Amino acid sequence: LAAGTNNQKIVLWKYVYAGSEPQDAWEPLTTIQLSGCIAEVGFCKKRDILSANNSTTVYILKQHVMSTHYNQEMAVVQVSAHELSISSPATDSNLKMRSDIQIKGAFVTREHVVVWDGDKVLVFEIIHGKSHIRPAGSFSSKSRNIMLFDQSAFILLPEVIQITTLQGTVKQNLKLSEGEGEYIAMFVENGFLLAATGKNIIRIWNVTRREAKLLHNKKISDLFPTIEQIQSIKCNTTGNKVSITMQTKEGYPDSKMLIWNLENDTLAYIDFSNGVTHTPTGESELERSDGQKDTVFKDQLEHISKLRELAPISHFWDSKDPRMLVCESHTLSNLAKKGKLKGRRAGNFNKTHTKMLISMFVTSDSNIVIHDLSLMQPNDLGLIGCDVPNYILTQKNGGVRENAETVTSRNDITRRPLRDFVGMEENDRESIKAMSDYSFYSTVGDMDEAFRSIKLIKSQAVWENMARMCVKSRRLDVAAVCLGNMRHVRGARALREARNEPEKEARVAMLAIQLNMYSEAEELYTNCGRYDLLNKLYQATGQWEKAIQVGESQDRMHLKRTHFKNAQFLESIGDINGAISEYERSDTHHNEVPRMLFDDQDRLADYILNSKDRTLRKWWAEYLESLGEMDSAIQFYEAAQDHMSLVRMYCYFGQFEKARSYAEKCGDKAACYHMASQLFEPKDAQLAMHFYTKAKSYRNAISIAKDAGLEAELMTLALLARPTDMLGVARYFESRGHHEKAAILYHKAGNLGHAIELCFRTQQFEALRQMVEDLDQNTNPTLVKRCADFFIEFGQCDKAVDLMLLGGKYLEALDLCIKQNVYITEELAERMTLSKPEQEDPSASLNRNKILESVADSCMRQQSYRLAAKKYTQAGLKTKAMKALLKSGDVEKIIFFTNVSRQKDIYVMAANYLQSLDWKRDSNIMKHIILFYTKGKSFDSLAMFYEHCAQLEIDDYQNYEKAVGALTEALKYISRAKNMSTQEQEGRLALYQERISLIEKYLEARALFQTDQEAAVTSCKHLLENPKVDVAVKIGDVYGLLVEYYVTVGDHQQAYTLIEELKSRDSSVNLSHYISKKVMESIHTTLGLSVQELGQPELSQQQSHIEDEDILEDLVQSP
């Protein structure tokens, strides 16, 4: 944002997304001084050119990013348009250099520095001993990227890289072939020259010789097809790995950074937007078969919730360790703010932005492992290099106006140690090398090599730094070694004791405390939920407000202890009022406040007088009593409502009536007890008993009642007392012949056996009836038997049975039930059932089954068939159980029991029983009959059942077709029967076949009446001539066919003759069953016969016909 003023100035601001107020979101920049009153200002679309004009002049102001560079422990920073600052961060030396060109870029080595403006190149030599700079050469060039190595300059142009002397003499031209594009990036490191083209081709030369030698020429898109445009390239000191950053077609940085391994020509990458790495084998760590879902990088990102959508901005390999790669990354939202994202995509990002420093190791097999990540500080401008143990950064340090047209921005070079190297900035190179190896091996998880790399380190600062690092990495095993080398005995002991903590974070927090890393310990305790330890940490560090806040919100269990500790602290520093308040909150003021104020009696007295706490007033009363101030003591006892002390004081002064009245009024147990203990005279026995009773000290009251012979009161007191006291009074009454009272007290005290014995001995039968209800299995069997005999004698057999069962006399109880006709209920039967033995015991099982069978037999006699079946089943007598169920008539239970029993005889019994029911109308019963006969393999019975079904169809429904089906089933099953003689089986087979044959002939004749009537008549006459036709076919059905036929053809006389023939063969025949009413009326009318002559009974006007259910609908289809 730019604004012109009337005093010839232009004021600039930069939008930084900071602060909740609008004005806080704009950071002021430097002010530009021009001439004349500024009339208008404006930015061009490129956002890096500003125009301004007054009434006479137009100004074009171009934004320029100050040049910086770091190489070979030398750093150069542009401080103005014409001036550079050359420094060595390692030695803190600093030189100023001014040129006559407007500097657009700079490059520095140990011996030289080169600057350029796009037209001219100036080379200067650095004289270190004299801290002096002198010109070494100058020449013209349009290049915007120039680098130095040894005595050569490398000039990047779109079509060629020129290798020249420092004076500009061209030694070699590195041109591109046709189709390879133009050069867009270049990098020189330790004798290796790297160049990238617009076609994503990377070339690498060795420039240590007289002429550059081409080592590699690779098209990166062959290894990474989705690459769009290379942005920058860097290589490590050994030249075997190249890091590549990219940009998209829209011009903003890609979130991925590529690592090209030259030794095996493989490519790996890391995606800074989500932390996923891709190995050279093409396997993403998110898709590995071992189930590991994340890389180390993503695990670390999860601890910083605001980090999202990172993209690499700059990257540098360490100048000495070829494994270390560092990167400056920004969130994509920050890039959108800078205008590098355009259109809709830029608008989608949120307004939070982050700049981060990320260090990583690249292993020999190209695996990328994140070492550390940290947020950049607000005044950090950017990363310009890495020289272990430090990042090299530029920092903003204000700005000053140089003249009317230029502004100087003062930027400084700063070193910031990497995570593992804090405190090692001044260590020797050997220690730094050892720590670098340790960092690498610990990061990749090879702790054996990590320990071997640091065992020679002697610096205590290094070990302390490593111990601090262990807090972040949570490596307690390494921390123990570090503490040992630090000679930190207290820390080592605390770490060893912390092993008992179940949470790893709690153990790490103890390490942090020993290293004075209190904020880290606080965070760890919070993360693992150990608020009790966090409370202790706050107490130990004197943060009492935080400790109390944690206690109130998260650690209520230790809240009072926290207040107590705070009170002790306040007392130690002399804050008495604060200590009193905290002692009260900790509920320890009853003892602590009098102790604290004991030497200040006046203040203590005021505190107690102003307090309404009874405990404190009682303590003060006791203190006054010890001093002999009795009147004051009584007053404070009254204020404390200490009734016992008041009664004691009244008795001490001989005011017994006042003490008795007060004890009676207050009813306090202790006061009443003390009052009773002061009544020694026999005349006061009743009063003493009264107060002992109010104090619930019944034993003392009983003792007084015994001594005074107050037996009426004694019984009442005994019933209120404990069992031991009841027994004592019971023995007292027994010795004096009061047996009824003694028995009651024995019973109440739990000595039931002695109570019953006493009832028998003294013939207290009514009390005995009440006591037997409390008998249990632990009662003496002899006593139980005596009680049972007693009830039998008096005709209460049901109670006698209960007692016998209680004593384990199951058979005797059962005999008693049989003899005395005691009805056995289900509850009584269950009580007679012994539990199954836990271990296999044949004799116990036999005895149990015998009792069960006897119970079941008794249930059968009293017609409790279901209960009998249950007991037979428990005894394993399933056949008897089935017989009992059959007598009960419960069809549902019979079917269920049959299915679960799975015994042949039971299947047959069930089927036989079901046949006795109305199976004709219940298809479910009929299906179970067939099923049970089949499972019981009683095929002869099943065949006979099918035979009955066939006959039923013929007799009731004249359905010969289904009768044939039933007889066919009977024929099939009779052939499978094995429990009958061969002769009988063959006879049954012949019978069924003959019946089937006759029925089929009848059905054939009936069918012929539709096609060949003469043949049908002939077939019917042949059937009537067969003497065995009645075995299968009703002759009335055959005559009925013939009669109907002759009536149809008009031969009524022949029809009448056949009716007479039928009547002669079966005098009891019911003609209406075989001949329809219509046919009979036709014969009656034609021949003029009366109903009596025709032999037909007179039909009612309305004849109901109920069609029964077709019982064989599914029968012939059953398996």
# chains A, B, ... in the order shown; residues from 1 in each chain; ligands from 1
$ closest_atom_pairs --of "segment 116-206 of chain A" --to "segment 219-229 of chain A" --cutoff "12 Å" --atoms "only C-alpha atoms" --output "tab-separated table"
residue	atom	partner	partner_atom	distance
A:Gly179	CA	A:Lys219	CA	11.9
A:Glu180	CA	A:Lys219	CA	9.4
A:Gly181	CA	A:Lys219	CA	11.6
A:Ile184	CA	A:Gln229	CA	9.8
A:Ala185	CA	A:Gln229	CA	10.9
A:Ala195	CA	A:Lys219	CA	11.8
A:Ala196	CA	A:Lys219	CA	9.5
A:Thr197	CA	A:Gln229	CA	9.1
A:Gly198	CA	A:Gln229	CA	6.9
A:Lys199	CA	A:Gln229	CA	7.8
A:Asn200	CA	A:Ile220	CA	5.8
A:Ile201	CA	A:Lys219	CA	4.3
A:Ile202	CA	A:Lys219	CA	6.4
A:Arg203	CA	A:Lys219	CA	8.9
A:Ile204	CA	A:Lys219	CA	11.9
$ write_last_selection --atoms "N, CA, C and O atoms" --output "PDB file, in the first residue's frame"
ATOM      1  N   GLY A 179      16.683 -28.585 -29.277  1.00  0.00           N
ATOM      2  CA  GLY A 179      15.578 -29.291 -28.616  1.00  0.00           C
ATOM      3  C   GLY A 179      15.736 -29.435 -27.116  1.00  0.00           C
ATOM      4  O   GLY A 179      14.853 -29.969 -26.449  1.00  0.00           O
ATOM      5  N   GLU A 180      16.868 -28.952 -26.549  1.00  0.00           N
ATOM      6  CA  GLU A 180      17.072 -29.056 -25.102  1.00  0.00           C
ATOM      7  C   GLU A 180      16.601 -27.806 -24.356  1.00  0.00           C
ATOM      8  O   GLU A 180      16.679 -27.752 -23.137  1.00  0.00           O
ATOM      9  N   GLY A 181      16.107 -26.814 -25.084  1.00  0.00           N
ATOM     10  CA  GLY A 181      15.579 -25.624 -24.433  1.00  0.00           C
ATOM     11  C   GLY A 181      16.654 -24.617 -24.105  1.00  0.00           C
ATOM     12  O   GLY A 181      17.733 -24.586 -24.708  1.00  0.00           O
ATOM     13  N   ILE A 184      18.024 -22.273 -17.427  1.00  0.00           N
ATOM     14  CA  ILE A 184      17.208 -21.461 -16.504  1.00  0.00           C
ATOM     15  C   ILE A 184      17.773 -21.443 -15.089  1.00  0.00           C
ATOM     16  O   ILE A 184      17.384 -20.608 -14.276  1.00  0.00           O
ATOM     17  N   ALA A 185      18.679 -22.363 -14.739  1.00  0.00           N
ATOM     18  CA  ALA A 185      19.230 -22.410 -13.377  1.00  0.00           C
ATOM     19  C   ALA A 185      20.640 -22.962 -13.441  1.00  0.00           C
ATOM     20  O   ALA A 185      20.972 -23.785 -14.308  1.00  0.00           O
ATOM     21  N   ALA A 195      23.554 -27.419 -14.168  1.00  0.00           N
ATOM     22  CA  ALA A 195      22.722 -26.508 -14.943  1.00  0.00           C
ATOM     23  C   ALA A 195      21.434 -27.209 -15.314  1.00  0.00           C
ATOM     24  O   ALA A 195      21.421 -28.415 -15.592  1.00  0.00           O
ATOM     25  N   ALA A 196      20.314 -26.465 -15.319  1.00  0.00           N
ATOM     26  CA  ALA A 196      19.005 -27.007 -15.673  1.00  0.00           C
ATOM     27  C   ALA A 196      18.437 -26.193 -16.809  1.00  0.00           C
ATOM     28  O   ALA A 196      18.645 -24.968 -16.895  1.00  0.00           O
ATOM     29  N   THR A 197      17.716 -26.867 -17.706  1.00  0.00           N
ATOM     30  CA  THR A 197      17.120 -26.204 -18.860  1.00  0.00           C
ATOM     31  C   THR A 197      15.604 -26.144 -18.714  1.00  0.00           C
ATOM     32  O   THR A 197      15.017 -26.780 -17.829  1.00  0.00           O
ATOM     33  N   GLY A 198      14.982 -25.383 -19.595  1.00  0.00           N
ATOM     34  CA  GLY A 198      13.530 -25.274 -19.576  1.00  0.00           C
ATOM     35  C   GLY A 198      12.821 -26.557 -19.960  1.00  0.00           C
ATOM     36  O   GLY A 198      11.621 -26.700 -19.715  1.00  0.00           O
ATOM     37  N   LYS A 199      13.541 -27.504 -20.557  1.00  0.00           N
ATOM     38  CA  LYS A 199      12.986 -28.813 -20.891  1.00  0.00           C
ATOM     39  C   LYS A 199      13.213 -29.823 -19.777  1.00  0.00           C
ATOM     40  O   LYS A 199      13.099 -31.026 -19.992  1.00  0.00           O
ATOM     41  N   ASN A 200      13.564 -29.341 -18.561  1.00  0.00           N
ATOM     42  CA  ASN A 200      13.775 -30.184 -17.380  1.00  0.00           C
ATOM     43  C   ASN A 200      14.926 -31.164 -17.569  1.00  0.00           C
ATOM     44  O   ASN A 200      14.878 -32.317 -17.123  1.00  0.00           O
ATOM     45  N   ILE A 201      15.962 -30.710 -18.248  1.00  0.00           N
ATOM     46  CA  ILE A 201      17.192 -31.490 -18.415  1.00  0.00           C
ATOM     47  C   ILE A 201      18.242 -30.914 -17.471  1.00  0.00           C
ATOM     48  O   ILE A 201      18.408 -29.685 -17.375  1.00  0.00           O
ATOM     49  N   ILE A 202      18.937 -31.795 -16.768  1.00  0.00           N
ATOM     50  CA  ILE A 202      20.001 -31.372 -15.856  1.00  0.00           C
ATOM     51  C   ILE A 202      21.325 -31.914 -16.383  1.00  0.00           C
ATOM     52  O   ILE A 202      21.451 -33.119 -16.680  1.00  0.00           O
ATOM     53  N   ARG A 203      22.328 -31.010 -16.490  1.00  0.00           N
ATOM     54  CA  ARG A 203      23.679 -31.396 -16.871  1.00  0.00           C
ATOM     55  C   ARG A 203      24.615 -31.112 -15.707  1.00  0.00           C
ATOM     56  O   ARG A 203      24.472 -30.105 -15.013  1.00  0.00           O
ATOM     57  N   ILE A 204      25.603 -31.998 -15.531  1.00  0.00           N
ATOM     58  CA  ILE A 204      26.581 -31.849 -14.448  1.00  0.00           C
ATOM     59  C   ILE A 204      27.974 -32.028 -15.060  1.00  0.00           C
ATOM     60  O   ILE A 204      28.231 -33.008 -15.770  1.00  0.00           O
TER      61      ILE A 204
END
$ residues_around --residues "Asp271 of chain A" --least-positions-apart "4" --cutoff "7 Å" --atoms "only C-alpha atoms" --output "CSV table (one decimal) with N, CA, C and O atoms, in the first residue's frame"
chain,number,residue,atom,x,y,z
A,255,SER,N,4.9,-28.1,-4.0
A,255,SER,CA,5.1,-28.6,-2.6
A,255,SER,C,6.1,-29.7,-2.5
A,255,SER,O,6.5,-30.1,-1.4
A,256,LYS,N,6.5,-30.3,-3.7
A,256,LYS,CA,7.4,-31.4,-3.6
A,256,LYS,C,8.9,-30.9,-3.9
A,256,LYS,O,9.1,-30.0,-4.6
A,257,MET,N,9.8,-31.6,-3.3
A,257,MET,CA,11.2,-31.4,-3.5
A,257,MET,C,11.8,-32.8,-3.9
A,257,MET,O,11.6,-33.8,-3.2
A,275,GLY,N,3.8,-34.3,4.2
A,275,GLY,CA,4.8,-35.0,4.9
A,275,GLY,C,5.1,-36.4,4.3
A,275,GLY,O,5.9,-37.2,4.9
A,276,VAL,N,4.5,-36.7,3.2
A,276,VAL,CA,4.7,-38.1,2.6
A,276,VAL,C,6.0,-38.1,1.8
A,276,VAL,O,6.3,-37.1,1.1
A,277,THR,N,6.7,-39.1,2.0
A,277,THR,CA,8.0,-39.3,1.2
A,277,THR,C,7.8,-40.5,0.2
A,277,THR,O,7.0,-41.4,0.5
$ residues_around --residues "Gln247 of chain A" --least-positions-apart "4" --cutoff "6 Å" --atoms "only C-alpha atoms" --output "list in words"
Gln229, Gln231, Gly251, Tyr252, Pro253 and Asp254 of chain A
$ write_last_selection --atoms "C-alpha atoms" --output "mmCIF file, in the first residue's frame"
data_model
loop_
_atom_site.group_PDB
_atom_site.id
_atom_site.type_symbol
_atom_site.label_atom_id
_atom_site.label_comp_id
_atom_site.auth_asym_id
_atom_site.auth_seq_id
_atom_site.Cartn_x
_atom_site.Cartn_y
_atom_site.Cartn_z
ATOM 1 C CA GLN A 229 9.206 -26.656 -14.412
ATOM 2 C CA GLN A 231 12.969 -23.795 -10.232
ATOM 3 C CA GLY A 251 4.293 -19.662 -11.259
ATOM 4 C CA TYR A 252 4.010 -20.705 -7.608
ATOM 5 C CA PRO A 253 6.340 -23.227 -5.940
ATOM 6 C CA ASP A 254 5.453 -26.901 -6.055
#
$ residues_around --residues "Lys887 of chain A" --least-positions-apart "3" --cutoff "9 Å" --atoms "only C-alpha atoms" --output "list in words"
Gln863, Tyr865, Arg866, Met882, Lys883, Ala884 and Asp890 of chain A
$ atom_distance --atom1 "atom CA of Val114 of chain A" --atom2 "atom CA of His128 of chain A"
16.3 Å
$ atom_distance --atom1 "atom CA of Thr279 of chain A" --atom2 "atom CA of Ile368 of chain A"
8.0 Å
$ residues_around --residues "Ile313 of chain A" --least-positions-apart "6" --cutoff "12 Å" --atoms "only C-alpha atoms" --output "PyMOL selection string"
chain A and resi 231-233+244-247+252-257+272+326-332+334-335+355-358+382-384
$ write_last_selection --atoms "N, CA, C and O atoms" --output "compact mmCIF listing (two decimals), in the first residue's frame"
# COMPACT_ATOMS: atom_id res chain seq x y z
N GLN A 231 12.78 -25.15 -10.75
CA GLN A 231 12.97 -23.80 -10.23
C GLN A 231 14.42 -23.56 -9.83
O GLN A 231 15.02 -22.57 -10.18
N SER A 232 14.99 -24.50 -9.03
CA SER A 232 16.37 -24.38 -8.61
C SER A 232 16.95 -25.76 -8.38
O SER A 232 16.22 -26.72 -8.13
N ILE A 233 18.30 -25.84 -8.47
CA ILE A 233 19.01 -27.10 -8.26
C ILE A 233 20.21 -26.84 -7.36
O ILE A 233 20.84 -25.79 -7.44
N ILE A 244 16.20 -30.77 -6.04
CA ILE A 244 15.52 -30.02 -7.10
C ILE A 244 14.20 -29.49 -6.55
O ILE A 244 13.41 -30.26 -6.00
N THR A 245 13.99 -28.19 -6.68
CA THR A 245 12.66 -27.64 -6.40
C THR A 245 12.02 -27.24 -7.72
O THR A 245 12.71 -26.94 -8.71
N MET A 246 10.68 -27.23 -7.72
CA MET A 246 9.94 -27.02 -8.96
C MET A 246 8.91 -25.91 -8.76
O MET A 246 8.63 -25.50 -7.62
N GLN A 247 8.36 -25.47 -9.87
CA GLN A 247 7.25 -24.55 -9.84
C GLN A 247 6.21 -24.99 -10.86
O GLN A 247 6.53 -25.70 -11.81
N TYR A 252 3.76 -20.59 -9.05
CA TYR A 252 4.01 -20.70 -7.61
C TYR A 252 4.76 -22.01 -7.33
O TYR A 252 4.69 -22.97 -8.09
N PRO A 253 5.50 -22.06 -6.22
CA PRO A 253 6.34 -23.23 -5.94
C PRO A 253 5.51 -24.50 -5.77
O PRO A 253 4.43 -24.49 -5.17
N ASP A 254 6.05 -25.58 -6.28
CA ASP A 254 5.45 -26.90 -6.05
C ASP A 254 5.78 -27.36 -4.64
O ASP A 254 6.83 -27.03 -4.09
N SER A 255 4.86 -28.11 -4.03
CA SER A 255 5.07 -28.56 -2.64
C SER A 255 6.08 -29.70 -2.54
O SER A 255 6.47 -30.06 -1.44
N LYS A 256 6.51 -30.26 -3.65
CA LYS A 256 7.44 -31.40 -3.62
C LYS A 256 8.86 -30.92 -3.88
O LYS A 256 9.10 -29.98 -4.63
N MET A 257 9.82 -31.61 -3.26
CA MET A 257 11.23 -31.42 -3.55
C MET A 257 11.81 -32.77 -3.92
O MET A 257 11.62 -33.77 -3.21
N PHE A 272 5.95 -31.52 0.93
CA PHE A 272 5.86 -30.69 2.12
C PHE A 272 4.41 -30.33 2.48
O PHE A 272 4.17 -29.76 3.53
N VAL A 326 18.97 -28.69 4.27
CA VAL A 326 18.06 -27.79 4.99
C VAL A 326 17.21 -27.04 3.98
O VAL A 326 17.59 -26.89 2.81
N CYS A 327 16.05 -26.60 4.47
CA CYS A 327 15.08 -26.01 3.56
C CYS A 327 14.28 -24.94 4.30
O CYS A 327 13.94 -25.11 5.47
N GLU A 328 14.02 -23.84 3.62
CA GLU A 328 13.08 -22.85 4.12
C GLU A 328 11.76 -23.06 3.40
O GLU A 328 11.71 -23.08 2.16
N SER A 329 10.70 -23.24 4.16
CA SER A 329 9.38 -23.53 3.58
C SER A 329 8.36 -22.56 4.11
O SER A 329 8.41 -22.16 5.28
N HIS A 330 7.45 -22.16 3.23
CA HIS A 330 6.35 -21.28 3.60
C HIS A 330 5.04 -22.02 3.35
O HIS A 330 4.97 -22.93 2.51
N THR A 331 4.02 -21.60 4.07
CA THR A 331 2.70 -22.13 3.76
C THR A 331 2.22 -21.53 2.45
O THR A 331 2.57 -20.40 2.10
N LEU A 332 1.41 -22.29 1.73
CA LEU A 332 0.93 -21.81 0.44
C LEU A 332 0.08 -20.56 0.57
O LEU A 332 -0.02 -19.76 -0.35
N ASN A 334 0.79 -18.09 2.43
CA ASN A 334 1.75 -16.99 2.40
C ASN A 334 2.16 -16.66 0.98
O ASN A 334 2.33 -15.51 0.60
N LEU A 335 2.29 -17.70 0.14
CA LEU A 335 2.63 -17.48 -1.25
C LEU A 335 1.48 -16.79 -1.98
O LEU A 335 1.68 -15.97 -2.87
N LYS A 355 6.37 -19.57 8.26
CA LYS A 355 7.68 -19.78 7.64
C LYS A 355 8.46 -20.71 8.55
O LYS A 355 8.56 -20.45 9.75
N MET A 356 9.01 -21.76 7.96
CA MET A 356 9.66 -22.79 8.77
C MET A 356 11.03 -23.12 8.22
O MET A 356 11.29 -23.02 7.01
N LEU A 357 11.91 -23.55 9.14
CA LEU A 357 13.20 -24.13 8.80
C LEU A 357 13.10 -25.63 9.03
O LEU A 357 12.73 -26.07 10.12
N ILE A 358 13.43 -26.39 8.01
CA ILE A 358 13.32 -27.84 8.10
C ILE A 358 14.68 -28.43 7.74
O ILE A 358 15.24 -28.13 6.68
N GLY A 382 15.30 -14.64 5.64
CA GLY A 382 15.40 -15.86 4.85
C GLY A 382 16.65 -16.64 5.16
O GLY A 382 17.60 -16.16 5.79
N LEU A 383 16.63 -17.90 4.73
CA LEU A 383 17.76 -18.81 4.89
C LEU A 383 18.69 -18.65 3.70
O LEU A 383 18.24 -18.66 2.54
N ILE A 384 20.00 -18.49 3.97
CA ILE A 384 20.95 -18.34 2.86
C ILE A 384 22.01 -19.43 2.86
O ILE A 384 22.88 -19.45 1.99
$ atom_distance --atom1 "atom CA of Ser941 of chain A" --atom2 "atom CA of Gln915 of chain A"
10.7 Å
$ decode --residues "segment 910-923 of chain A" --atoms "N, CA and C atoms" --output "tab-separated table (two decimals), in the first residue's frame"
chain	number	residue	atom	x	y	z
A	910	ALA	N	-44.89	-91.58	20.81
A	910	ALA	CA	-45.50	-90.30	20.48
A	910	ALA	C	-46.40	-90.42	19.26
A	911	ALA	N	-45.93	-91.14	18.24
A	911	ALA	CA	-46.73	-91.29	17.03
A	911	ALA	C	-48.01	-92.06	17.32
A	912	ASN	N	-47.91	-93.14	18.12
A	912	ASN	CA	-49.10	-93.91	18.49
A	912	ASN	C	-50.11	-93.05	19.22
A	913	TYR	N	-49.57	-92.18	20.13
A	913	TYR	CA	-50.48	-91.32	20.88
A	913	TYR	C	-51.15	-90.30	19.95
A	914	LEU	N	-50.37	-89.72	19.06
A	914	LEU	CA	-50.93	-88.71	18.17
A	914	LEU	C	-52.00	-89.29	17.25
A	915	GLN	N	-51.91	-90.62	16.94
A	915	GLN	CA	-52.94	-91.25	16.12
A	915	GLN	C	-54.28	-91.31	16.83
A	916	SER	N	-54.21	-91.26	18.19
A	916	SER	CA	-55.46	-91.32	18.95
A	916	SER	C	-56.19	-89.98	18.96
A	917	LEU	N	-55.54	-88.95	18.45
A	917	LEU	CA	-56.14	-87.63	18.42
A	917	LEU	C	-56.85	-87.42	17.08
A	918	ASP	N	-57.44	-86.27	16.91
A	918	ASP	CA	-58.17	-85.96	15.68
A	918	ASP	C	-57.18	-85.47	14.63
A	919	TRP	N	-56.35	-86.40	14.18
A	919	TRP	CA	-55.33	-86.03	13.20
A	919	TRP	C	-55.93	-85.72	11.83
A	920	LYS	N	-57.22	-86.18	11.63
A	920	LYS	CA	-57.84	-85.95	10.33
A	920	LYS	C	-58.03	-84.46	10.08
A	921	ARG	N	-58.25	-83.68	11.15
A	921	ARG	CA	-58.51	-82.24	11.00
A	921	ARG	C	-57.29	-81.38	11.32
A	922	ASP	N	-56.22	-81.96	11.77
A	922	ASP	CA	-55.02	-81.19	12.15
A	922	ASP	C	-53.84	-81.72	11.35
A	923	SER	N	-53.47	-81.00	10.29
A	923	SER	CA	-52.38	-81.46	9.43
A	923	SER	C	-51.05	-81.48	10.17
